[in-house]
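*Asks:* Pasting in a structure now, in C-alpha coordinates, and then I'll have a few things to ask.
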Amino acid sequence: MASVDPRLDSSVAHMPGVKAAVREDLEARADRIRAVVEAHRQTGALASGLSVRTNRVDSTVALEDPAVVAINYGHVASDGSWVEGIHALEAGL
(Lines give C-alpha, C1' and ligand atoms only; values in the text may rest on other atoms or scores of the structure.)
Protein backbone atom coordinates (compact mmCIF):
# COMPACT_ATOMS: atom_id res chain seq x y z
CA MET A 1 0.00 0.00 0.00
CA ALA A 2 1.23 3.48 -0.80
CA SER A 3 1.66 6.13 1.83
CA VAL A 4 2.09 9.87 1.68
CA ASP A 5 4.31 11.86 3.99
CA PRO A 6 1.97 14.02 6.13
CA ARG A 7 4.48 16.90 5.81
CA LEU A 8 4.57 16.75 1.99
CA ASP A 9 2.75 20.07 1.58
CA SER A 10 5.33 21.83 3.73
CA SER A 11 8.21 20.20 1.88
CA VAL A 12 6.84 21.28 -1.49
CA ALA A 13 5.98 24.81 -0.27
CA HIS A 14 9.59 25.38 0.84
CA MET A 15 11.16 24.30 -2.47
CA PRO A 16 13.02 27.25 -4.08
CA GLY A 17 11.25 26.75 -7.42
CA VAL A 18 7.82 26.73 -5.80
CA LYS A 19 8.59 29.83 -3.77
CA ALA A 20 9.82 31.60 -6.91
CA ALA A 21 6.68 30.59 -8.83
CA VAL A 22 4.41 31.88 -6.05
CA ARG A 23 6.33 35.18 -5.97
CA GLU A 24 6.14 35.50 -9.78
CA ASP A 25 2.40 34.87 -9.78
CA LEU A 26 1.86 37.41 -7.03
CA GLU A 27 3.91 40.06 -8.85
CA ALA A 28 1.68 39.60 -11.92
CA ARG A 29 -1.41 40.00 -9.74
CA ALA A 30 0.07 43.08 -8.07
CA ASP A 31 0.80 44.61 -11.49
CA ARG A 32 -2.87 44.23 -12.46
CA ILE A 33 -3.95 45.88 -9.20
CA ARG A 34 -1.40 48.69 -9.69
CA ALA A 35 -2.74 49.35 -13.20
CA VAL A 36 -6.31 49.79 -11.93
CA VAL A 37 -5.19 51.98 -9.01
CA GLU A 38 -3.05 54.17 -11.28
CA ALA A 39 -5.90 54.63 -13.76
CA HIS A 40 -8.18 55.96 -11.01
CA ARG A 41 -5.81 57.88 -8.82
CA GLN A 42 -6.52 61.36 -7.56
CA THR A 43 -4.11 61.93 -4.67
CA GLY A 44 -1.72 58.99 -4.99
CA ALA A 45 -2.39 57.89 -1.40
CA LEU A 46 -3.84 54.53 -2.40
CA ALA A 47 -1.01 53.82 -4.86
CA SER A 48 1.61 54.59 -2.23
CA GLY A 49 -0.13 52.21 0.17
CA LEU A 50 0.21 49.20 -2.14
CA SER A 51 2.80 46.69 -1.00
CA VAL A 52 3.87 43.19 -1.96
CA ARG A 53 5.14 41.09 0.90
CA THR A 54 6.86 37.72 0.57
CA ASN A 55 7.24 35.54 3.62
CA ARG A 56 8.89 32.14 3.91
CA VAL A 57 6.28 30.28 1.84
CA ASP A 58 3.60 32.73 0.79
CA SER A 59 3.14 36.23 -0.54
CA THR A 60 0.49 38.90 -0.15
CA VAL A 61 -0.58 42.10 -1.85
CA ALA A 62 -1.84 44.75 0.56
CA LEU A 63 -3.67 48.00 -0.09
CA GLU A 64 -3.34 50.17 2.99
CA ASP A 65 -5.54 53.24 3.08
CA PRO A 66 -8.26 54.24 5.55
CA ALA A 67 -10.78 54.46 2.71
CA VAL A 68 -9.74 51.34 0.77
CA VAL A 69 -13.11 49.62 1.20
CA ALA A 70 -15.05 52.63 -0.11
CA ILE A 71 -12.56 53.20 -2.93
CA ASN A 72 -12.58 49.58 -4.03
CA TYR A 73 -16.26 48.68 -3.61
CA GLY A 74 -17.98 52.06 -3.92
CA HIS A 75 -19.74 54.44 -1.55
CA VAL A 76 -22.49 56.99 -1.23
CA ALA A 77 -21.27 60.54 -1.92
CA SER A 78 -22.21 63.51 0.27
CA ASP A 79 -24.97 64.44 -2.23
CA GLY A 80 -26.51 60.98 -1.88
CA SER A 81 -25.38 59.65 -5.25
CA TRP A 82 -23.60 56.33 -5.62
CA VAL A 83 -19.91 56.42 -6.52
CA GLU A 84 -18.85 53.16 -8.18
CA GLY A 85 -15.76 51.49 -6.77
CA ILE A 86 -12.61 50.88 -8.81
CA HIS A 87 -12.55 47.12 -8.06
CA ALA A 88 -8.75 47.00 -7.99
CA LEU A 89 -8.64 43.96 -5.70
CA GLU A 90 -10.79 41.94 -8.08
CA ALA A 91 -8.29 42.70 -10.87
CA GLY A 92 -5.74 40.71 -8.92
CA LEU A 93 -7.85 37.57 -8.68
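Starting from 1 in every chain, residues are counted up; chains themselves are A, B, ... following the order of the C-alpha coordinates, and ligands are numbered from 1 as listed.
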Determine, counting only C-alpha atoms, which protein, DNA and RNA residues have an atom within 9 Å of an atom of region 63-68 of chain A; residues of the same chain fewer than 5 positions away are not included. Present the result as a list in words.
*Replies:*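 Answer for this query is Ala45, Leu46, Ala47, Ser48, Gly49, Leu50, Ser51, Tyr73 and Leu89 of chain A.
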*Asks:* Put those residues in a file: N, CA, C and O atoms, as a PDB file, in the first residue's frame.
*Replies:*
ATOM      1  N   ALA A  45      -2.474  58.533  -2.723  1.00  0.00           N
ATOM      2  CA  ALA A  45      -2.390  57.892  -1.405  1.00  0.00           C
ATOM      3  C   ALA A  45      -2.607  56.388  -1.496  1.00  0.00           C
ATOM      4  O   ALA A  45      -1.895  55.614  -0.853  1.00  0.00           O
ATOM      5  N   LEU A  46      -3.569  55.958  -2.291  1.00  0.00           N
ATOM      6  CA  LEU A  46      -3.840  54.528  -2.401  1.00  0.00           C
ATOM      7  C   LEU A  46      -2.675  53.821  -3.089  1.00  0.00           C
ATOM      8  O   LEU A  46      -2.247  52.759  -2.657  1.00  0.00           O
ATOM      9  N   ALA A  47      -2.139  54.427  -4.141  1.00  0.00           N
ATOM     10  CA  ALA A  47      -1.011  53.820  -4.857  1.00  0.00           C
ATOM     11  C   ALA A  47       0.205  53.689  -3.953  1.00  0.00           C
ATOM     12  O   ALA A  47       0.917  52.684  -4.000  1.00  0.00           O
ATOM     13  N   SER A  48       0.442  54.667  -3.115  1.00  0.00           N
ATOM     14  CA  SER A  48       1.606  54.595  -2.227  1.00  0.00           C
ATOM     15  C   SER A  48       1.407  53.580  -1.108  1.00  0.00           C
ATOM     16  O   SER A  48       2.375  53.135  -0.498  1.00  0.00           O
ATOM     17  N   GLY A  49       0.160  53.195  -0.861  1.00  0.00           N
ATOM     18  CA  GLY A  49      -0.130  52.209   0.173  1.00  0.00           C
ATOM     19  C   GLY A  49      -0.158  50.779  -0.324  1.00  0.00           C
ATOM     20  O   GLY A  49      -0.496  49.868   0.413  1.00  0.00           O
ATOM     21  N   LEU A  50       0.202  50.550  -1.595  1.00  0.00           N
ATOM     22  CA  LEU A  50       0.206  49.196  -2.144  1.00  0.00           C
ATOM     23  C   LEU A  50       1.561  48.553  -1.880  1.00  0.00           C
ATOM     24  O   LEU A  50       2.600  49.130  -2.188  1.00  0.00           O
ATOM     25  N   SER A  51       1.545  47.389  -1.272  1.00  0.00           N
ATOM     26  CA  SER A  51       2.804  46.693  -0.995  1.00  0.00           C
ATOM     27  C   SER A  51       2.672  45.209  -1.325  1.00  0.00           C
ATOM     28  O   SER A  51       1.589  44.640  -1.258  1.00  0.00           O
ATOM     29  N   TYR A  73     -14.911  49.218  -3.400  1.00  0.00           N
ATOM     30  CA  TYR A  73     -16.257  48.682  -3.610  1.00  0.00           C
ATOM     31  C   TYR A  73     -17.325  49.730  -3.901  1.00  0.00           C
ATOM     32  O   TYR A  73     -18.426  49.386  -4.314  1.00  0.00           O
ATOM     33  N   LEU A  89      -8.963  45.267  -6.301  1.00  0.00           N
ATOM     34  CA  LEU A  89      -8.639  43.959  -5.701  1.00  0.00           C
ATOM     35  C   LEU A  89      -9.114  42.816  -6.580  1.00  0.00           C
ATOM     36  O   LEU A  89      -8.423  41.802  -6.717  1.00  0.00           O
TER      37      LEU A  89
END
*Asks:* Excluding same-chain residues fewer than 4 positions from Ala39 (chain A), what lies within 10 Å of it counting only C-alpha atoms, as a PyMOL selection string?
*Replies:* chain A and resi 34-35+86+88
*Asks:* Near His14 (chain A), within 10 Å and counting only C-alpha atoms, which residues show up once chain neighbours fewer than 6 positions away are dropped, as a PyMOL selection string?
*Replies:* chain A and resi 20+56-58
*Asks:* Would you write out those residues with N, CA, C and O atoms, as a CSV table (one decimal), in the first residue's frame?
*Replies:*
chain,number,residue,atom,x,y,z
A,20,ALA,N,9.6,30.7,-5.8
A,20,ALA,CA,9.8,31.6,-6.9
A,20,ALA,C,8.6,31.7,-7.8
A,20,ALA,O,8.2,32.8,-8.2
A,56,ARG,N,8.1,33.4,4.2
A,56,ARG,CA,8.9,32.1,3.9
A,56,ARG,C,8.3,31.3,2.8
A,56,ARG,O,8.9,30.7,2.0
A,57,VAL,N,6.9,31.2,2.8
A,57,VAL,CA,6.3,30.3,1.8
A,57,VAL,C,5.1,30.9,1.1
A,57,VAL,O,4.5,30.3,0.2
A,58,ASP,N,4.7,32.1,1.5
A,58,ASP,CA,3.6,32.7,0.8
A,58,ASP,C,3.9,34.2,0.5
A,58,ASP,O,4.9,34.8,1.0
*Asks:* Please report the interatomic distance between CA of Leu93 (chain A) and CA of Arg41 (chain A) in Å with one decimal.
*Replies:*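 Going from CA of Leu93 (chain A) over to CA of Arg41 (chain A) covers 20.4 Å.
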*Asks:* To one decimal place, how far is CA of Val36 (chain A) from CA of Ala70 (chain A) in Å?
*Replies:*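 Between these atoms lies a distance of 15.0 Å.
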*Asks:* According to DSSP computed on the backbone, where in chain A is there helix (DSSP H, G or I)? Give the residues as a PyMOL selection string.
*Replies:* chain A and resi 8-13+16-39+45-48+68-73+88-91
*Asks:* May I have the residues within 6 Å of Gly85 (chain A) as a PyMOL selection string, using only C-alpha atoms and disregarding those fewer than 5 positions away in the same chain?
*Replies:* chain A and resi 71-74
*Asks:* Any idea what the distance is between CA of Asp79 (chain A) and CA of Gln42 (chain A)?
*Replies:*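 That distance, rounded to one decimal, is 19.4 Å.
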